[in-house]
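Encoded as structure tokens, the structure appears first; notes follow it.
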Amino acid sequence: MQMRQRFAPSPTGLLHLGHAFSALTIWRMTQAAAGDFLLRIEDIDRARAQPEYVSAIFEDLHWLGLDWPRPVWLQSARLEHYDTALNRLIEKGLCYPCRCSRRDIAAALSAPQENVITNPPPPYPGTCRQRPMADRAEGDAIRLDMARAIACLGGEAALQRLEYVETGPRFRGRHALTRAALLTRHGDIVLARRDIGTSYHLAVVVDDAAQGITHVTRGEDMFHSTEIHRLLQALLGLPTPVYHHHRLVRDKVGRRLAKRDDARAIAKYRAGGATPADIWRLCLEGLG
């Protein structure tokens with residue numbers, strides 16, 4: 001099987017050294033394996049995604065020496081495919097509408113809880129869990145009922161068979177899903193945000209399958225998200241790639257780089273006379 005990977009940034013800011021490290025890592029892996037490197041633009045957050053950042057992504061990656069097939073997939077053009085996947089999960093009886101705001105969720109989780117040490121509350125307290133999909137109103141998010149999803153797949157014993165392979169340095173090996181991790185670490189995840197009609201988790205799983213992605217390489221901060229993606233792949237009957245989670249590029253005090261940290265934007269290094277080799281060196285040093 002020929003390796004096929006993707007680099008999938010969101011055009012909500014300039015690419016920084018962390019993005020460069022991820023893109024170059026994927027590029028080098030695919031080149032070594034004579035595989036395919038794809039670029040995908042994850043622009044479903046229409047309130048924050050900007051066309052000028054898409055252009056900047058192309059410019060930065062070309063300057064780093066990367067190339068990819070055209071046309072580039074834009075997630076904003078694939079909303080109907082995410083709707084189709086969402087409707088399949090709704091038809092299975094695994095979803096419910098949710099009207100809770102972040103403030104509502106925070107208030108519910110801050111209420112006194114029994115056995116909070118041995119039985120910590122899930123990320124979402126289930127306030128809307130009993131609402132049927134027929135009660136869906138404009139402005140509602142759509143959540144996955146995690147307990148129902150686990151039961152749909154056959155329970156704990158079936159989860160243990162839902163493995164995925166990790167080749168990264170920190171998490172290398174075979175990993176299986178567990179009921180405890182899905183319920184307590186993730187809970188009833190959002191499948192469709194009220195403002196964009198889908199979610200990162202659903203869109204990325206649908207697109208990886210549609211593009212025939214065989215290997216997914218990303219930062220180690222995304223490692224636990226792979227549990228969600230493996231679950232959705234099982235529920236939707238989609239293939240599972242091999243995963244590789246690389247270390248993060250951090251600043252001098254150990255903080256992970258973010259798009260708000262504009263001082264480490266690739267464009268600024270380029271304007272300052274840096275070379276692509278300098279960028280790779282800075283990524284390895286993690287000093288920015």
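Ordered as shown in the structure tokens, chains take letters A, B, and onward, while each chain numbers its residues from 1 and ligands are numbered from 1 in the order shown.
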
Point to revise | All strand (DSSP E or B) positions in segment 38-259 of chain A, as JSON, numbers by chain | key: {"A": [38, 39, 40, 41, 73, 74, 95, 96, 97, 98, 141, 142, 143, 144, 163, 164, 165, 166, 173, 174, 175, 176, 190, 191, 192, 215, 216, 217, 218, 219, 242, 243, 244, 245, 246, 250, 256]}

Check your understanding: Which polymer residues have any atom within 6 Å of an atom of Ile44 of chain A, counting only C-alpha atoms, with same-chain residues fewer than 2 positions away left out, as a PyMOL selection string?
Key -> chain A and resi 42+46+75-76

Please provide as a short mmCIF file (atom, residue, chain, number, x, y, z; two decimals) with N, CA and C atoms, in the first residue's frame all residues within 10 Å of segment 49-64 of chain A, with the sequence filter that same-chain residues fewer than 3 positions apart are discarded (counting only C-alpha atoms).
```cif
data_model
loop_
_atom_site.label_atom_id
_atom_site.label_comp_id
_atom_site.auth_asym_id
_atom_site.auth_seq_id
_atom_site.Cartn_x
_atom_site.Cartn_y
_atom_site.Cartn_z
N PRO A 9 -3.90 22.39 7.41
CA PRO A 9 -3.99 23.55 8.30
C PRO A 9 -5.32 24.27 8.18
N SER A 10 -5.64 25.05 9.19
CA SER A 10 -6.81 25.92 9.17
C SER A 10 -6.36 27.34 8.84
N PRO A 11 -7.01 28.01 7.90
CA PRO A 11 -6.58 29.36 7.51
C PRO A 11 -7.13 30.44 8.43
N THR A 12 -6.78 30.32 9.71
CA THR A 12 -7.25 31.29 10.71
C THR A 12 -6.11 32.13 11.26
N GLY A 13 -4.96 32.06 10.61
CA GLY A 13 -3.78 32.82 11.02
C GLY A 13 -2.60 32.37 10.20
N LEU A 14 -1.46 33.01 10.40
CA LEU A 14 -0.25 32.65 9.68
C LEU A 14 0.34 31.36 10.24
N LEU A 15 0.93 30.56 9.36
CA LEU A 15 1.62 29.36 9.82
C LEU A 15 2.85 29.73 10.62
N HIS A 16 3.10 28.97 11.70
CA HIS A 16 4.28 29.23 12.53
C HIS A 16 5.22 28.04 12.48
N HIS A 19 3.74 24.54 12.65
CA HIS A 19 3.18 24.06 11.38
C HIS A 19 4.27 23.61 10.43
N ALA A 20 5.36 24.39 10.39
CA ALA A 20 6.47 24.03 9.50
C ALA A 20 7.03 22.67 9.86
N ALA A 23 4.47 19.99 8.70
CA ALA A 23 4.44 19.86 7.25
C ALA A 23 5.72 19.22 6.72
N LEU A 24 6.87 19.64 7.24
CA LEU A 24 8.14 19.09 6.77
C LEU A 24 8.31 17.63 7.20
N LEU A 39 -2.28 18.47 0.31
CA LEU A 39 -2.62 19.64 1.12
C LEU A 39 -4.13 19.76 1.17
N ILE A 41 -7.23 22.21 3.07
CA ILE A 41 -7.50 23.42 3.84
C ILE A 41 -8.75 23.19 4.68
N GLU A 42 -8.59 23.19 6.00
CA GLU A 42 -9.70 22.94 6.91
C GLU A 42 -10.31 24.27 7.33
N ASP A 43 -11.20 24.77 6.49
CA ASP A 43 -11.76 26.12 6.64
C ASP A 43 -13.23 26.10 7.04
N ILE A 44 -13.63 25.10 7.82
CA ILE A 44 -15.04 25.02 8.21
C ILE A 44 -15.43 26.12 9.20
N ASP A 45 -14.45 26.69 9.92
CA ASP A 45 -14.75 27.79 10.85
C ASP A 45 -14.84 29.07 10.03
N ARG A 46 -16.00 29.28 9.44
CA ARG A 46 -16.14 30.37 8.49
C ARG A 46 -16.04 31.75 9.14
N ASP A 67 5.38 20.54 -2.47
CA ASP A 67 4.48 20.59 -3.60
C ASP A 67 3.39 19.56 -3.38
N TRP A 68 2.26 19.70 -4.09
CA TRP A 68 1.11 18.84 -3.86
C TRP A 68 0.21 18.85 -5.09
N LEU A 74 -10.99 22.05 -0.15
CA LEU A 74 -11.45 23.00 0.85
C LEU A 74 -12.62 22.37 1.59
N SER A 76 -14.83 23.77 3.28
CA SER A 76 -16.04 24.59 3.12
C SER A 76 -16.85 24.18 1.90
N ALA A 265 5.92 33.40 13.10
CA ALA A 265 5.31 33.08 11.81
C ALA A 265 6.40 32.82 10.77
N ILE A 266 6.17 31.82 9.92
CA ILE A 266 7.14 31.48 8.88
C ILE A 266 7.42 32.68 8.00
N ALA A 267 6.36 33.45 7.67
CA ALA A 267 6.53 34.61 6.79
C ALA A 267 7.51 35.62 7.38
N ARG A 270 11.01 34.30 6.92
CA ARG A 270 11.38 34.42 5.51
C ARG A 270 11.75 35.86 5.17
N THR A 275 16.41 30.79 5.71
CA THR A 275 16.29 29.81 4.64
C THR A 275 15.42 28.65 5.13
N PRO A 276 14.90 27.81 4.23
CA PRO A 276 14.16 26.63 4.68
C PRO A 276 14.98 25.75 5.62
N ALA A 277 16.29 25.66 5.39
CA ALA A 277 17.15 24.87 6.28
C ALA A 277 17.18 25.49 7.68
N ILE A 279 14.71 27.09 9.07
CA ILE A 279 13.42 26.77 9.68
C ILE A 279 13.46 25.37 10.28
N TRP A 280 13.99 24.40 9.54
CA TRP A 280 14.07 23.03 10.05
C TRP A 280 14.94 22.99 11.30
#
```

Exercise for review: Write out as a ChimeraX atom specification each polymer residue whose atoms come within 12 Å of Leu89 of chain A, counting only C-alpha atoms; drop sequence neighbours fewer than 3 positions from it.
Suggested key: /A:82-86,92-96,133,142-146,148-149,152,191-192,202,231-237

Point to revise | Long-range neighbours of Ser22 of chain A as a PyMOL selection string, 8 Å cut-off, only C-alpha atoms, 5 positions minimum in chain | key: chain A and resi 7+217-219+246

Keeping only C-alpha atoms, write those residues as a PDB file, in the first residue's frame.
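So selection.pdb came out as:
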```
ATOM      1  CA  PHE A   7      -1.120  18.359   5.805  1.00  0.00           C
ATOM      2  CA  THR A 217       0.893  12.615  11.060  1.00  0.00           C
ATOM      3  CA  ARG A 218       0.210  15.419  13.562  1.00  0.00           C
ATOM      4  CA  GLY A 219       1.303  16.821  16.917  1.00  0.00           C
ATOM      5  CA  HIS A 246       5.307  13.935  16.641  1.00  0.00           C
TER       6      HIS A 246
END
```

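The nearest approach to Glu227 of chain A among the residues A:Ala141, A:Leu162, A:Leu17, A:Cys100, with only C-alpha atoms taken into account, belongs to A:Leu162.
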
Any idea what's packed within 12 Å of Ala157 of chain A, counting only C-alpha atoms, ignoring anything in its chain fewer than 3 positions away? Could you give it as a compact mmCIF listing (two decimals) with C-alpha atoms, in the first residue's frame?
```
# COMPACT_ATOMS: atom_id res chain seq x y z
CA ILE A 150 -20.45 2.27 22.56
CA ALA A 151 -23.48 -0.01 22.89
CA LEU A 153 -20.59 -1.13 18.50
CA GLY A 154 -21.06 -4.01 20.96
CA GLN A 160 -11.01 -3.71 22.56
CA ARG A 161 -10.97 -4.96 18.97
CA LEU A 162 -11.04 -1.42 17.56
CA GLU A 163 -7.30 -0.94 17.47
CA ALA A 176 -7.46 -0.02 21.61
CA LEU A 177 -10.49 1.96 22.65
CA THR A 178 -11.91 1.67 26.15
CA ARG A 179 -15.31 2.62 27.51
```

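Comparing A:Cys98, A:Cys128, A:Leu282, A:Ala134 by their smallest distance to Gly18 of chain A, the closest is A:Leu282 (using only C-alpha atoms).
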
Review point. Could you pull out all residues of segment 182-245 of chain A with a DSSP call of helix (DSSP H, G or I) and give them as a ChimeraX atom specification?
Key: /A:182-186,200-210,220-222,225-236

Prev. selection, C-alpha atoms, output as a PDB file, in the first residue's frame:
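So the final result, stored in selection21.pdb, reads:
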```pdb
ATOM      1  CA  LEU A 182     -14.445   7.504  25.786  1.00  0.00           C
ATOM      2  CA  LEU A 183     -16.914   8.390  28.528  1.00  0.00           C
ATOM      3  CA  THR A 184     -14.685  10.306  30.926  1.00  0.00           C
ATOM      4  CA  ARG A 185     -12.097  11.859  28.639  1.00  0.00           C
ATOM      5  CA  HIS A 186     -14.422  12.763  25.761  1.00  0.00           C
ATOM      6  CA  TYR A 200     -13.454  19.025  13.263  1.00  0.00           C
ATOM      7  CA  HIS A 201     -13.805  15.402  14.389  1.00  0.00           C
ATOM      8  CA  LEU A 202     -16.517  14.495  11.896  1.00  0.00           C
ATOM      9  CA  ALA A 203     -15.053  16.421   8.963  1.00  0.00           C
ATOM     10  CA  VAL A 204     -11.532  15.068   9.339  1.00  0.00           C
ATOM     11  CA  VAL A 205     -12.695  11.451   9.517  1.00  0.00           C
ATOM     12  CA  VAL A 206     -14.902  11.830   6.443  1.00  0.00           C
ATOM     13  CA  ASP A 207     -12.186  13.587   4.436  1.00  0.00           C
ATOM     14  CA  ASP A 208      -9.362  11.221   5.383  1.00  0.00           C
ATOM     15  CA  ALA A 209     -11.458   8.316   4.111  1.00  0.00           C
ATOM     16  CA  ALA A 210     -12.549  10.128   0.948  1.00  0.00           C
ATOM     17  CA  GLU A 220       1.225  14.741  20.078  1.00  0.00           C
ATOM     18  CA  ASP A 221      -1.379  17.117  21.535  1.00  0.00           C
ATOM     19  CA  MET A 222      -3.839  15.402  19.161  1.00  0.00           C
ATOM     20  CA  SER A 225      -8.408  12.831  19.613  1.00  0.00           C
ATOM     21  CA  THR A 226      -7.457   9.675  17.722  1.00  0.00           C
ATOM     22  CA  GLU A 227      -9.744   7.737  20.078  1.00  0.00           C
ATOM     23  CA  ILE A 228     -12.681   9.786  18.803  1.00  0.00           C
ATOM     24  CA  HIS A 229     -11.630   9.358  15.197  1.00  0.00           C
ATOM     25  CA  ARG A 230     -11.291   5.590  15.564  1.00  0.00           C
ATOM     26  CA  LEU A 231     -14.752   5.460  17.125  1.00  0.00           C
ATOM     27  CA  LEU A 232     -16.323   7.476  14.292  1.00  0.00           C
ATOM     28  CA  GLN A 233     -14.542   5.335  11.696  1.00  0.00           C
ATOM     29  CA  ALA A 234     -16.110   2.248  13.252  1.00  0.00           C
ATOM     30  CA  LEU A 235     -19.573   3.808  13.418  1.00  0.00           C
ATOM     31  CA  LEU A 236     -19.411   4.998   9.801  1.00  0.00           C
TER      32      LEU A 236
END
```

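With only C-alpha atoms as the atoms that count, the minimum distance from Glu138 of chain A to the choices A:Pro239, A:Gly35, A:Pro97, A:Gly65 is reached by A:Pro97.
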
Check your understanding: Between A:Leu38, A:Val249, A:Ala137, A:Leu159, which has the minimum distance to Ala181 of chain A (counting only C-alpha atoms)?
Key -> A:Leu159

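The space separating atom CA of Gly173 of chain A from atom CA of Met3 of chain A comes to 18.6 Å.
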